[in-house]
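*Asks:* Please find start.cif (mmCIF, C-alpha atoms (C1' of nucleotides)) on the next line:
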```cif
data_entry
loop_
_atom_site.label_atom_id
_atom_site.label_comp_id
_atom_site.auth_asym_id
_atom_site.auth_seq_id
_atom_site.Cartn_x
_atom_site.Cartn_y
_atom_site.Cartn_z
CA MET A 1282 -13.98 -13.98 16.19
CA HIS A 1283 -12.51 -13.92 12.72
CA LYS A 1284 -14.26 -11.93 10.09
CA PRO A 1285 -16.12 -13.96 7.53
CA ARG A 1286 -14.16 -14.74 4.42
CA GLN A 1287 -16.42 -12.82 2.06
CA GLU A 1288 -15.78 -9.68 4.00
CA MET A 1289 -12.02 -10.16 3.93
CA ILE A 1290 -12.11 -10.59 0.18
CA ALA A 1291 -14.15 -7.47 -0.30
CA GLU A 1292 -11.69 -5.58 1.84
CA THR A 1293 -8.76 -6.88 -0.17
CA ARG A 1294 -10.37 -5.85 -3.43
CA ALA A 1295 -11.24 -2.45 -2.04
CA LYS A 1296 -7.71 -1.90 -0.79
CA LEU A 1297 -6.23 -2.84 -4.14
CA ILE A 1298 -8.63 -0.59 -6.02
CA ALA A 1299 -7.92 2.30 -3.70
CA ALA A 1300 -4.16 1.92 -3.94
CA ALA A 1301 -4.26 1.54 -7.71
CA ARG A 1302 -6.56 4.52 -8.08
CA LYS A 1303 -4.13 6.65 -6.15
CA ALA A 1304 -1.13 5.45 -8.14
CA PHE A 1305 -2.86 5.73 -11.52
CA ALA A 1306 -4.00 9.25 -10.69
CA GLU A 1307 -0.59 10.40 -9.53
CA LYS A 1308 1.76 8.71 -11.96
CA GLY A 1309 -0.47 7.42 -14.72
CA TYR A 1310 -1.21 3.83 -15.58
CA ALA A 1311 1.95 2.94 -17.47
CA GLU A 1312 4.31 4.42 -14.90
CA SER A 1313 2.58 2.81 -11.94
CA ASN A 1314 4.56 -0.07 -10.54
CA MET A 1315 2.46 -3.02 -9.53
CA ASP A 1316 4.83 -4.06 -6.77
CA ASP A 1317 4.77 -0.57 -5.31
CA PHE A 1318 1.07 0.06 -5.02
CA THR A 1319 0.16 -3.48 -4.02
CA ALA A 1320 2.73 -3.19 -1.23
CA GLU A 1321 1.14 0.09 -0.24
CA ALA A 1322 -2.06 -1.85 0.21
CA GLY A 1323 -0.22 -4.38 2.34
CA LEU A 1324 -0.39 -7.03 -0.38
CA THR A 1325 1.56 -8.39 -3.33
CA ARG A 1326 0.98 -8.79 -7.02
CA GLY A 1327 -0.29 -12.28 -6.28
CA ALA A 1328 -3.51 -10.86 -4.90
CA LEU A 1329 -3.86 -8.53 -7.84
CA TYR A 1330 -3.58 -11.27 -10.43
CA HIS A 1331 -5.90 -13.46 -8.43
CA HIS A 1332 -8.72 -10.93 -8.17
CA PHE A 1333 -8.38 -8.85 -11.31
CA GLY A 1334 -6.47 -11.05 -13.72
CA GLY A 1335 -3.88 -8.38 -14.40
CA LYS A 1336 -3.20 -4.68 -14.61
CA PRO A 1337 -5.90 -3.89 -17.20
CA GLY A 1338 -8.52 -5.68 -15.09
CA LEU A 1339 -7.65 -3.55 -12.13
CA LEU A 1340 -7.87 -0.41 -14.23
CA ALA A 1341 -11.33 -1.46 -15.33
CA ALA A 1342 -12.36 -1.90 -11.71
CA VAL A 1343 -11.00 1.52 -10.79
CA ILE A 1344 -12.85 3.13 -13.66
CA GLU A 1345 -16.04 1.41 -12.74
CA GLN A 1346 -15.78 2.78 -9.22
CA ILE A 1347 -15.18 6.31 -10.49
CA ASP A 1348 -18.01 6.05 -12.98
CA THR A 1349 -20.40 4.96 -10.28
CA GLU A 1350 -19.46 7.95 -8.16
CA MET A 1351 -19.87 10.31 -11.11
CA ASN A 1352 -23.24 8.98 -12.06
CA GLY A 1353 -24.46 9.29 -8.50
CA ARG A 1354 -23.55 12.92 -8.40
CA LEU A 1355 -25.02 13.60 -11.84
CA GLN A 1356 -28.41 12.27 -10.92
CA ALA A 1357 -28.39 14.16 -7.64
CA ASP A 1358 -27.63 17.38 -9.55
CA ALA A 1359 -30.49 16.77 -11.93
CA ARG A 1360 -33.01 16.03 -9.19
CA LYS A 1361 -32.23 19.13 -7.16
CA ALA A 1362 -33.20 21.60 -9.91
CA PRO A 1363 -36.59 23.39 -9.94
CA THR A 1364 -37.40 22.53 -13.56
CA ARG A 1365 -36.40 19.61 -15.69
CA TRP A 1366 -34.69 21.84 -18.20
CA GLN A 1367 -32.68 23.48 -15.48
CA GLY A 1368 -31.80 20.05 -14.16
CA PHE A 1369 -30.57 19.09 -17.60
CA ILE A 1370 -28.32 22.14 -17.74
CA ASP A 1371 -27.03 21.44 -14.24
CA GLU A 1372 -26.38 17.86 -15.14
CA ASN A 1373 -24.14 18.80 -18.03
CA ILE A 1374 -22.36 21.61 -16.26
CA GLY A 1375 -21.86 19.25 -13.35
CA TYR A 1376 -20.36 16.73 -15.70
CA ILE A 1377 -17.87 19.30 -16.92
CA GLU A 1378 -16.96 20.23 -13.38
CA MET A 1379 -16.30 16.62 -12.48
CA ALA A 1380 -14.29 16.08 -15.62
CA LEU A 1381 -12.02 18.92 -14.57
CA ASP A 1382 -10.63 16.64 -11.87
CA PRO A 1383 -7.08 15.58 -12.81
CA GLU A 1384 -7.78 12.09 -11.50
CA ILE A 1385 -10.73 11.65 -13.84
CA GLN A 1386 -8.87 13.14 -16.77
CA ARG A 1387 -5.90 10.90 -16.40
CA ILE A 1388 -7.57 7.63 -15.47
CA VAL A 1389 -10.90 7.74 -17.24
CA LEU A 1390 -10.32 10.04 -20.18
CA ARG A 1391 -6.75 9.28 -21.20
CA ASP A 1392 -5.34 6.03 -19.84
CA GLY A 1393 -8.67 4.24 -19.90
CA PRO A 1394 -9.27 4.51 -23.64
CA ALA A 1395 -5.64 3.66 -24.44
CA VAL A 1396 -5.70 0.48 -22.37
CA LEU A 1397 -9.32 -0.66 -22.57
CA GLY A 1398 -10.35 0.70 -25.95
CA ASP A 1399 -13.10 3.08 -26.92
CA PRO A 1400 -15.18 4.12 -23.89
CA SER A 1401 -18.48 3.74 -25.68
CA THR A 1402 -17.85 -0.01 -25.69
CA TRP A 1403 -17.22 -0.21 -21.94
CA PRO A 1404 -19.83 -1.95 -19.85
CA SER A 1405 -19.47 0.73 -17.19
CA ALA A 1406 -18.85 4.38 -18.02
CA ASN A 1407 -22.05 4.53 -19.96
CA ALA A 1408 -24.00 5.21 -16.82
CA CYS A 1409 -23.42 8.90 -17.42
CA VAL A 1410 -24.51 8.69 -21.03
CA ARG A 1411 -27.62 6.81 -19.99
CA SER A 1412 -28.38 9.46 -17.43
CA ILE A 1413 -28.17 12.22 -20.02
CA THR A 1414 -30.12 10.17 -22.53
CA ALA A 1415 -32.94 9.78 -20.02
CA SER A 1416 -33.01 13.51 -19.44
CA VAL A 1417 -33.25 14.24 -23.15
CA LYS A 1418 -36.07 11.76 -23.51
CA ALA A 1419 -38.00 13.23 -20.62
CA LEU A 1420 -37.58 16.73 -22.03
CA GLN A 1421 -38.91 15.56 -25.35
CA ASP A 1422 -41.97 14.07 -23.69
CA GLU A 1423 -42.60 17.46 -22.14
CA GLY A 1424 -42.30 19.05 -25.58
CA ILE A 1425 -39.31 21.13 -24.57
CA VAL A 1426 -36.68 19.51 -26.71
CA ALA A 1427 -36.96 19.03 -30.46
CA ASP A 1428 -37.41 15.65 -32.03
CA VAL A 1429 -33.91 14.21 -32.16
CA ASP A 1430 -32.45 10.80 -31.44
CA PRO A 1431 -31.99 10.97 -27.65
CA GLU A 1432 -29.06 8.62 -27.27
CA THR A 1433 -27.13 10.11 -30.16
CA THR A 1434 -27.75 13.59 -28.88
CA ALA A 1435 -26.61 12.57 -25.41
CA ARG A 1436 -23.43 11.15 -26.86
CA LEU A 1437 -22.65 14.23 -28.89
CA ILE A 1438 -23.18 16.34 -25.81
CA THR A 1439 -20.90 14.23 -23.64
CA GLY A 1440 -18.31 14.27 -26.39
CA ALA A 1441 -18.40 18.04 -26.49
CA THR A 1442 -18.45 18.52 -22.73
CA THR A 1443 -15.70 15.98 -22.17
CA TYR A 1444 -13.51 17.80 -24.65
CA ALA A 1445 -14.40 21.12 -23.06
CA ALA A 1446 -13.41 19.90 -19.63
CA GLN A 1447 -10.03 18.74 -20.81
CA TRP A 1448 -9.46 21.94 -22.69
CA ILE A 1449 -10.29 24.00 -19.63
CA ALA A 1450 -8.27 21.96 -17.18
CA ASN A 1451 -5.15 21.88 -19.31
CA SER A 1452 -5.19 25.44 -20.51
CA ASP A 1453 -2.77 28.04 -19.22
CA ASP A 1454 -5.57 29.89 -17.48
CA PRO A 1455 -8.34 27.43 -16.58
CA GLU A 1456 -10.41 30.13 -14.95
CA ALA A 1457 -10.51 32.25 -18.07
CA THR A 1458 -11.01 29.32 -20.38
CA SER A 1459 -13.90 28.16 -18.26
CA LYS A 1460 -15.56 31.55 -18.67
CA ARG A 1461 -15.34 31.09 -22.43
CA ALA A 1462 -16.41 27.47 -22.55
CA ILE A 1463 -19.35 27.28 -20.15
CA PRO A 1464 -21.53 29.85 -21.96
CA ALA A 1465 -20.77 28.15 -25.26
CA VAL A 1466 -21.95 24.86 -23.83
CA ARG A 1467 -25.13 26.48 -22.54
CA GLN A 1468 -25.72 27.95 -25.95
CA MET A 1469 -25.16 24.61 -27.58
CA LEU A 1470 -27.73 23.05 -25.27
CA GLU A 1471 -30.16 25.87 -26.03
CA GLY A 1472 -29.93 24.80 -29.64
CA LEU A 1473 -31.81 21.67 -28.71
CA ARG A 1474 -34.97 23.49 -27.67
CA ARG A 1475 -38.02 23.34 -29.81
CA LYS A 1476 -38.52 26.67 -31.54
CA MET B 1313 27.81 9.73 -56.32
CA HIS B 1314 26.61 9.61 -52.74
CA LYS B 1315 23.43 11.35 -51.79
CA PRO B 1316 23.85 14.50 -49.78
CA ARG B 1317 23.71 14.03 -46.05
CA GLN B 1318 20.58 16.08 -45.47
CA GLU B 1319 18.69 13.86 -47.80
CA MET B 1320 19.88 10.70 -46.07
CA ILE B 1321 18.74 12.07 -42.74
CA ALA B 1322 15.34 12.97 -44.05
CA GLU B 1323 15.02 9.47 -45.44
CA THR B 1324 16.00 7.90 -42.15
CA ARG B 1325 13.46 9.96 -40.28
CA ALA B 1326 10.79 9.18 -42.81
CA LYS B 1327 11.53 5.47 -42.63
CA LEU B 1328 11.37 5.46 -38.86
CA ILE B 1329 8.12 7.41 -38.84
CA ALA B 1330 6.59 5.10 -41.42
CA ALA B 1331 7.62 1.94 -39.59
CA ALA B 1332 6.45 3.28 -36.25
CA ARG B 1333 3.16 4.44 -37.72
CA LYS B 1334 2.52 0.97 -39.06
CA ALA B 1335 3.43 -0.71 -35.78
CA PHE B 1336 1.48 1.74 -33.62
CA ALA B 1337 -1.57 1.32 -35.82
CA GLU B 1338 -1.44 -2.46 -35.80
CA LYS B 1339 -0.39 -3.26 -32.25
CA GLY B 1340 -0.80 -0.03 -30.38
CA TYR B 1341 1.90 2.11 -28.87
CA ALA B 1342 2.61 0.14 -25.70
CA GLU B 1343 2.81 -3.22 -27.44
CA SER B 1344 5.05 -2.00 -30.22
CA ASN B 1345 8.61 -3.21 -29.79
CA MET B 1346 11.21 -0.59 -30.66
CA ASP B 1347 13.73 -3.18 -31.79
CA ASP B 1348 11.17 -4.76 -34.09
CA PHE B 1349 9.97 -1.78 -36.02
CA THR B 1350 13.32 -0.05 -36.22
CA ALA B 1351 14.72 -3.26 -37.69
CA GLU B 1352 11.85 -3.26 -40.14
CA ALA B 1353 13.08 0.12 -41.25
CA GLY B 1354 16.58 -1.30 -41.63
CA LEU B 1355 17.82 0.57 -38.57
CA THR B 1356 18.28 0.18 -34.83
CA ARG B 1357 17.07 1.94 -31.74
CA GLY B 1358 20.21 4.05 -31.87
CA ALA B 1359 18.80 6.01 -34.79
CA LEU B 1360 15.48 6.39 -33.05
CA TYR B 1361 16.96 7.86 -29.89
CA HIS B 1362 19.21 10.08 -31.92
CA HIS B 1363 16.46 11.63 -33.99
CA PHE B 1364 13.43 11.57 -31.74
CA GLY B 1365 14.84 11.32 -28.24
CA GLY B 1366 12.72 8.29 -27.40
CA LYS B 1367 9.48 6.51 -28.02
CA PRO B 1368 7.19 9.41 -27.08
CA GLY B 1369 9.08 11.72 -29.42
CA LEU B 1370 8.54 9.34 -32.27
CA LEU B 1371 4.86 9.10 -31.46
CA ALA B 1372 4.64 12.88 -31.58
CA ALA B 1373 6.25 12.86 -35.01
CA VAL B 1374 3.84 10.21 -36.26
CA ILE B 1375 0.88 12.18 -34.98
CA GLU B 1376 2.15 15.35 -36.55
CA GLN B 1377 2.36 13.60 -39.89
CA ILE B 1378 -1.16 12.26 -39.59
CA ASP B 1379 -2.48 15.62 -38.48
CA THR B 1380 -0.93 17.32 -41.46
CA GLU B 1381 -2.56 14.85 -43.80
CA MET B 1382 -5.92 15.29 -42.12
CA ASN B 1383 -5.78 19.04 -42.25
CA GLY B 1384 -4.89 18.95 -45.92
CA ARG B 1385 -7.93 16.91 -46.71
CA LEU B 1386 -10.18 19.02 -44.51
CA GLN B 1387 -9.29 22.22 -46.28
CA ALA B 1388 -9.68 20.59 -49.67
CA ASP B 1389 -13.16 19.43 -48.66
CA ALA B 1390 -14.13 22.90 -47.55
CA ARG B 1391 -12.87 24.58 -50.71
CA LYS B 1392 -14.71 22.27 -53.06
CA ALA B 1393 -18.18 23.15 -51.80
CA PRO B 1394 -20.47 25.61 -53.64
CA THR B 1395 -21.27 27.70 -50.57
CA ARG B 1396 -19.30 28.42 -47.47
CA TRP B 1397 -21.96 26.90 -45.27
CA GLN B 1398 -21.96 23.73 -47.29
CA GLY B 1399 -18.17 23.69 -47.08
CA PHE B 1400 -18.44 23.92 -43.33
CA ILE B 1401 -20.78 20.94 -43.22
CA ASP B 1402 -18.53 18.97 -45.54
CA GLU B 1403 -15.53 19.82 -43.44
CA ASN B 1404 -17.09 18.37 -40.32
CA ILE B 1405 -18.55 15.32 -41.98
CA GLY B 1406 -15.18 14.79 -43.60
CA TYR B 1407 -13.57 14.98 -40.22
CA ILE B 1408 -15.85 12.26 -38.93
CA GLU B 1409 -15.10 10.07 -41.91
CA MET B 1410 -11.39 10.40 -41.37
CA ALA B 1411 -11.74 9.71 -37.68
CA LEU B 1412 -13.42 6.42 -38.52
CA ASP B 1413 -10.03 5.13 -39.62
CA PRO B 1414 -8.71 2.60 -37.07
CA GLU B 1415 -5.22 4.00 -37.46
CA ILE B 1416 -6.35 7.47 -36.49
CA GLN B 1417 -8.47 6.18 -33.64
CA ARG B 1418 -5.72 4.17 -32.12
CA ILE B 1419 -2.76 6.48 -32.61
CA VAL B 1420 -4.24 9.95 -32.44
CA LEU B 1421 -7.35 9.51 -30.34
CA ARG B 1422 -6.35 6.88 -27.79
CA ASP B 1423 -2.60 6.32 -27.46
CA GLY B 1424 -1.71 9.91 -28.21
CA PRO B 1425 -3.57 11.47 -25.29
CA ALA B 1426 -2.37 8.75 -22.90
CA VAL B 1427 1.28 9.25 -23.77
CA LEU B 1428 1.49 12.93 -24.71
CA GLY B 1429 -1.29 14.38 -22.58
CA ASP B 1430 -4.36 16.35 -23.54
CA PRO B 1431 -4.50 16.95 -27.30
CA SER B 1432 -5.54 20.57 -26.96
CA THR B 1433 -2.06 21.24 -25.59
CA TRP B 1434 -0.26 19.64 -28.52
CA PRO B 1435 1.61 21.95 -30.86
CA SER B 1436 0.37 19.95 -33.81
CA ALA B 1437 -3.09 18.39 -33.96
CA ASN B 1438 -4.66 21.76 -33.60
CA ALA B 1439 -4.42 22.37 -37.29
CA CYS B 1440 -7.86 20.80 -37.62
CA VAL B 1441 -9.31 22.94 -34.86
CA ARG B 1442 -7.80 26.02 -36.45
CA SER B 1443 -9.32 25.07 -39.75
CA ILE B 1444 -12.79 24.75 -38.24
CA THR B 1445 -12.32 27.93 -36.24
CA ALA B 1446 -11.52 29.81 -39.42
CA SER B 1447 -14.66 28.49 -41.06
CA VAL B 1448 -16.83 29.56 -38.14
CA LYS B 1449 -15.30 33.02 -38.22
CA ALA B 1450 -15.84 33.40 -41.95
CA LEU B 1451 -19.46 32.30 -41.58
CA GLN B 1452 -19.97 34.88 -38.88
CA ASP B 1453 -18.59 37.61 -41.10
CA GLU B 1454 -21.13 36.61 -43.70
CA GLY B 1455 -23.85 36.83 -41.08
CA ILE B 1456 -24.74 33.17 -41.37
CA VAL B 1457 -23.62 31.98 -37.97
CA ALA B 1458 -24.74 33.50 -34.70
CA ASP B 1459 -22.43 35.49 -32.52
CA VAL B 1460 -20.50 32.86 -30.59
CA ASP B 1461 -16.87 32.46 -29.63
CA PRO B 1462 -15.43 30.85 -32.77
CA GLU B 1463 -12.58 28.88 -31.24
CA THR B 1464 -14.69 27.54 -28.40
CA THR B 1465 -17.42 26.55 -30.80
CA ALA B 1466 -14.91 24.85 -33.05
CA ARG B 1467 -13.57 22.89 -30.11
CA LEU B 1468 -17.00 21.79 -28.93
CA ILE B 1469 -17.77 20.64 -32.45
CA THR B 1470 -14.57 18.65 -32.79
CA GLY B 1471 -15.17 17.13 -29.37
CA ALA B 1472 -18.61 16.00 -30.44
CA THR B 1473 -17.56 14.76 -33.87
CA THR B 1474 -14.52 12.97 -32.51
CA TYR B 1475 -16.68 11.15 -30.03
CA ALA B 1476 -19.23 10.38 -32.73
CA ALA B 1477 -16.57 8.86 -34.98
CA GLN B 1478 -15.32 6.58 -32.25
CA TRP B 1479 -18.82 5.56 -31.34
CA ILE B 1480 -19.61 4.72 -34.94
CA ALA B 1481 -16.42 2.86 -35.66
CA ASN B 1482 -16.56 0.73 -32.54
CA SER B 1483 -20.25 -0.06 -32.58
CA ASP B 1484 -21.57 -3.47 -33.51
CA ASP B 1485 -23.09 -2.09 -36.68
CA PRO B 1486 -21.08 0.93 -37.83
CA GLU B 1487 -23.26 1.41 -40.89
CA ALA B 1488 -26.42 1.72 -38.84
CA THR B 1489 -24.81 3.83 -36.17
CA SER B 1490 -23.51 6.17 -38.81
CA LYS B 1491 -27.04 6.65 -40.13
CA ARG B 1492 -28.07 7.74 -36.66
CA ALA B 1493 -25.10 9.94 -35.90
CA ILE B 1494 -24.57 11.91 -39.08
CA PRO B 1495 -28.02 13.56 -39.15
CA ALA B 1496 -27.67 14.42 -35.48
CA VAL B 1497 -24.38 16.14 -36.21
CA ARG B 1498 -25.96 18.07 -39.08
CA GLN B 1499 -28.72 19.14 -36.79
CA MET B 1500 -26.26 20.23 -34.16
CA LEU B 1501 -24.46 22.35 -36.73
CA GLU B 1502 -27.77 23.83 -37.88
CA GLY B 1503 -28.21 25.06 -34.34
CA LEU B 1504 -25.41 27.51 -34.97
CA ARG B 1505 -27.23 29.42 -37.69
CA ARG B 1506 -28.54 32.86 -36.96
CA LYS B 1507 -32.31 32.74 -36.67
"C1'" DA C 1172 44.02 17.19 -46.23
"C1'" DT C 1173 42.59 16.85 -41.86
"C1'" DA C 1174 40.12 17.89 -37.77
"C1'" DG C 1175 35.64 17.81 -36.12
"C1'" DG C 1176 31.10 16.60 -35.45
"C1'" DG C 1177 27.11 14.30 -36.39
"C1'" DA C 1178 24.62 9.82 -37.66
"C1'" DC C 1179 24.05 5.71 -36.40
"C1'" DA C 1180 25.26 0.72 -34.20
"C1'" DT C 1181 26.49 -2.09 -30.22
"C1'" DA C 1182 26.60 -3.53 -25.54
"C1'" DC C 1183 25.24 -3.49 -21.06
"C1'" DG C 1184 22.43 -2.91 -16.91
"C1'" DA C 1185 18.06 -2.39 -14.71
"C1'" DA C 1186 13.22 -2.65 -14.25
"C1'" DG C 1187 8.91 -4.54 -14.61
"C1'" DC C 1188 5.72 -8.02 -15.92
"C1'" DG C 1189 3.51 -12.72 -16.26
"C1'" DT C 1190 3.48 -17.31 -14.71
"C1'" DA C 1191 4.42 -21.36 -12.24
"C1'" DT C 1192 4.64 -22.93 -7.80
"C1'" DG C 1193 4.07 -23.02 -2.87
"C1'" DT C 1194 1.53 -22.36 1.63
"C1'" DC C 1195 -1.86 -21.63 4.85
"C1'" DA C 1196 -6.47 -20.86 6.41
"C1'" DA C 1197 -11.32 -21.37 5.90
"C1'" DT C 1198 -15.22 -23.90 4.34
"C1'" DT C 1199 -17.76 -28.19 3.55
"C1'" DG C 1200 -19.27 -32.94 3.74
"C1'" DG C 1201 -19.48 -36.93 6.46
"C1'" DC D 561 -15.55 -32.93 15.06
"C1'" DC D 562 -12.39 -34.08 11.65
"C1'" DA D 563 -10.44 -34.67 7.23
"C1'" DA D 564 -10.38 -33.20 2.34
"C1'" DT D 565 -10.60 -29.58 -0.68
"C1'" DT D 566 -10.90 -25.26 -2.38
"C1'" DG D 567 -9.43 -20.77 -2.85
"C1'" DA D 568 -6.83 -16.54 -1.27
"C1'" DC D 569 -2.66 -14.93 -1.41
"C1'" DA D 570 2.85 -14.96 -1.33
"C1'" DT D 571 7.26 -16.20 -3.40
"C1'" DA D 572 10.49 -17.04 -7.02
"C1'" DC D 573 12.00 -17.19 -11.56
"C1'" DG D 574 12.75 -16.01 -16.38
"C1'" DC D 575 11.78 -13.20 -20.11
"C1'" DT D 576 11.08 -9.09 -22.41
"C1'" DT D 577 11.99 -4.38 -23.08
"C1'" DC D 578 13.71 -0.07 -22.29
"C1'" DG D 579 17.43 3.75 -21.55
"C1'" DT D 580 22.11 4.91 -21.67
"C1'" DA D 581 26.87 4.77 -22.25
"C1'" DT D 582 30.15 3.87 -25.50
"C1'" DG D 583 32.09 3.02 -29.92
"C1'" DT D 584 32.81 3.64 -35.02
"C1'" DC D 585 32.53 5.50 -39.37
"C1'" DC D 586 31.66 8.80 -42.83
"C1'" DC D 587 30.47 13.31 -44.42
"C1'" DT D 588 31.69 18.24 -44.35
"C1'" DA D 589 34.01 22.40 -43.78
"C1'" DT D 590 38.17 25.14 -43.58
#
```
Go through the file and emit its structure as structure tokens.
*Replies:*
Amino acid sequence: MHKPRQEMIAETRAKLIAAARKAFAEKGYAESNMDDFTAEAGLTRGALYHHFGGKPGLLAAVIEQIDTEMNGRLQADARKAPTRWQGFIDENIGYIEMALDPEIQRIVLRDGPAVLGDPSTWPSANACVRSITASVKALQDEGIVADVDPETTARLITGATTYAAQWIANSDDPEATSKRAIPAVRQMLEGLRRK
Amino acid sequence: MHKPRQEMIAETRAKLIAAARKAFAEKGYAESNMDDFTAEAGLTRGALYHHFGGKPGLLAAVIEQIDTEMNGRLQADARKAPTRWQGFIDENIGYIEMALDPEIQRIVLRDGPAVLGDPSTWPSANACVRSITASVKALQDEGIVADVDPETTARLITGATTYAAQWIANSDDPEATSKRAIPAVRQMLEGLRRK
DNA sequence: ATAGGGACATACGAAGCGTATGTCAATTGG
DNA sequence: CCAATTGACATACGCTTCGTATGTCCCTAT
């Protein structure tokens, strides 16, 4: 008759995460009122503190959800390509495209670091870096990419592409800026190839 | 007898900026109490609102001050080098070293974007990007760097180096991480050279 | 010399947040 | 099948902090 308790809890958590994600994306973390978005989920702050320990904990949960979604799409992009090199390119371009999303920019790229500290220390959010690292490694095994430290290279790339995405999205003319940035990113990736 | 008014005002602004800079660096923007650090400057929030319009305005002023200092050092680094290419390398390595500073990380790289929005839209804080852009352009004129869009390239580089600095500074073993990251950055810059 | 305005302080009201406490339902052991 | 207990959530309260409205004083210019 009644749903099992576990399921109810999972639903509660999911509702809170969804409501917070919406509020954080629209108004930003600091300007999001806990009473407002918990009420929107049909709950109160009591539930929030119980499950996530506070506002930062909820932000972490939201970011983890977003990161999981991003990583899923990244790996799908990479797999679809005809060659591994092409998949690598697609992966990075795909990352830029995702990072153009205002929701990702605000929550993951701006509020996240301010509240939770440097992203490279997050338990989540390194799924994407790991994905790129794996690609670099595989390309090295195939002799396509020069002998560089894979993880470091992956991090430099994500740093550059993350910046590029923000630059594009917040420029006066995103379309035009994109046309400048994407080729530059391709060229930068080409620089990794063994000569 | 009395100091001229202009001078008093400049002092007040400087004191507020200095006190805020200290508080923001130590506790972070959100946790810094306006009453506390204005009092530390021998003033009240009244002065703050009068001169900077609010907390975000003061943060912008602090960041502008930091950015000016950084740019000054960057250009000095570049000028000191024997060749222009070496100056370019020094400039970027110098940028990483500066970005290792916890004060810069917290105020400029984390709180700044969260409060003021994407850095590439700031009026200040692009002094560094302009400096790097100029270097890329000059190197192209000398035929050393390949034909790429200078500003875009400069932005990708700063994105990568900024990320690298945060990664280094927040890693368990910054010394070791630095030894991995710096060569990778050099290599990335080498990729720009005309073949 | 005296308006006038600008530089700051003070006082007040309104949110928003964290915690302490309360309640009810679901599980578990006998 | 029935308590006892745990845990999921709501309610209530106080504290902090922020923005603004108002007040005062001292330079400065004419």
*Asks:* Just so the selection is clear, what residues does the PyMOL selection byres ((chain D and resi 585) around 10) cover here, as a list in words?
*Replies:* DA1178 and DC1179 of chain C; DG583, DT584, DC586 and DC587 of chain D
*Asks:* Go through chain A residue by residue and, counting all atoms listed in the file, keep those with an atom at most 8 Å from chain D; for each kept residue give the shortest atom pair and its distance in Å to one decimal, ordered by chain and increasing number, as JSON lines.
*Replies:*
```
{"residue": "A:Thr1325", "atom": "CA", "partner": "D:DA570", "partner_atom": "C1'", "distance": 7.0}
{"residue": "A:Gly1327", "atom": "CA", "partner": "D:DC569", "partner_atom": "C1'", "distance": 6.0}
{"residue": "A:Ala1328", "atom": "CA", "partner": "D:DC569", "partner_atom": "C1'", "distance": 5.4}
{"residue": "A:His1331", "atom": "CA", "partner": "D:DA568", "partner_atom": "C1'", "distance": 7.8}
```
*Asks:* Show me, as a VMD selection string, the residues that have an atom within 12 Å of range 1448-1452 of chain B when counting only C-alpha atoms (C1' of nucleotides), minus same-chain residues fewer than 5 positions from it.
*Replies:* chain B and resid 1390 1395 to 1401 1403 to 1404 1441 to 1443 1457 to 1467 1469 1501 1504 to 1506
*Asks:* Which residues match the PyMOL selection byres ((chain C) within 10 of (chain A)) in the file above, as a list of chain:residue names?
*Replies:*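 After applying the PyMOL selection byres ((chain C) within 10 of (chain A)), what remains is C:DA1186, C:DG1187, C:DC1188, C:DG1189, C:DA1197, C:DT1198.
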*Asks:* For chain B against chain A, with a cut-off of 8 Å and counting all atoms listed in the file, what is the closest atom pair and its distance in Å to one decimal for every residue that makes the cut, ordered by chain and number, as CSV?
*Replies:*
```
residue,atom,partner,partner_atom,distance
B:Arg1418,CA,A:Ala1395,CA,7.7
B:Arg1422,CA,A:Ala1395,CA,4.7
B:Asp1423,CA,A:Ala1395,CA,5.0
B:Pro1425,CA,A:Arg1391,CA,5.6
B:Ala1426,CA,A:Arg1391,CA,4.7
B:Gly1429,CA,A:Arg1391,CA,7.6
B:Asp1430,CA,A:Gln1447,CA,6.7
B:Ser1432,CA,A:Trp1448,CA,6.0
B:Thr1433,CA,A:Asn1451,CA,7.0
B:Val1460,CA,A:Ala1465,CA,7.1
B:Asp1461,CA,A:Ala1465,CA,7.3
B:Thr1464,CA,A:Ala1462,CA,6.1
B:Thr1465,CA,A:Ala1465,CA,6.7
B:Arg1467,CA,A:Ala1445,CA,7.3
B:Leu1468,CA,A:Ala1441,CA,4.7
B:Ile1469,CA,A:Ala1441,CA,6.5
B:Thr1470,CA,A:Ala1441,CA,7.4
B:Gly1471,CA,A:Ala1441,CA,4.4
B:Ala1472,CA,A:Gly1440,CA,4.4
B:Thr1473,CA,A:Leu1437,CA,7.1
B:Thr1474,CA,A:Gly1440,CA,7.3
B:Tyr1475,CA,A:Gly1440,CA,5.1
B:Ala1476,CA,A:Leu1437,CA,6.4
B:Gln1478,CA,A:Asp1399,CA,6.8
B:Trp1479,CA,A:Ser1401,CA,6.0
B:Asn1482,CA,A:Asp1399,CA,7.0
B:Ser1483,CA,A:Thr1402,CA,7.3
B:Arg1492,CA,A:Thr1433,CA,7.0
B:Ala1493,CA,A:Thr1433,CA,6.1
B:Ala1496,CA,A:Thr1434,CA,6.7
B:Val1497,CA,A:Leu1437,CA,7.8
B:Met1500,CA,A:Gly1472,CA,7.4
B:Gly1503,CA,A:Gly1472,CA,5.0
B:Leu1504,CA,A:Gly1472,CA,7.5
```
*Asks:* What does the distance between CA of Met1289 in chain A and CA of Val1343 in chain A come to in Å, to one decimal place?
*Replies:*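 About the pair CA of Met1289 in chain A and CA of Val1343 in chain A: they are 18.8 Å apart.
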*Asks:* Could you work out how far CA of Thr1349 in chain A lies from CA of Trp1403 in chain A, giving the answer in Å with one decimal?
*Replies:* 13.1 Å
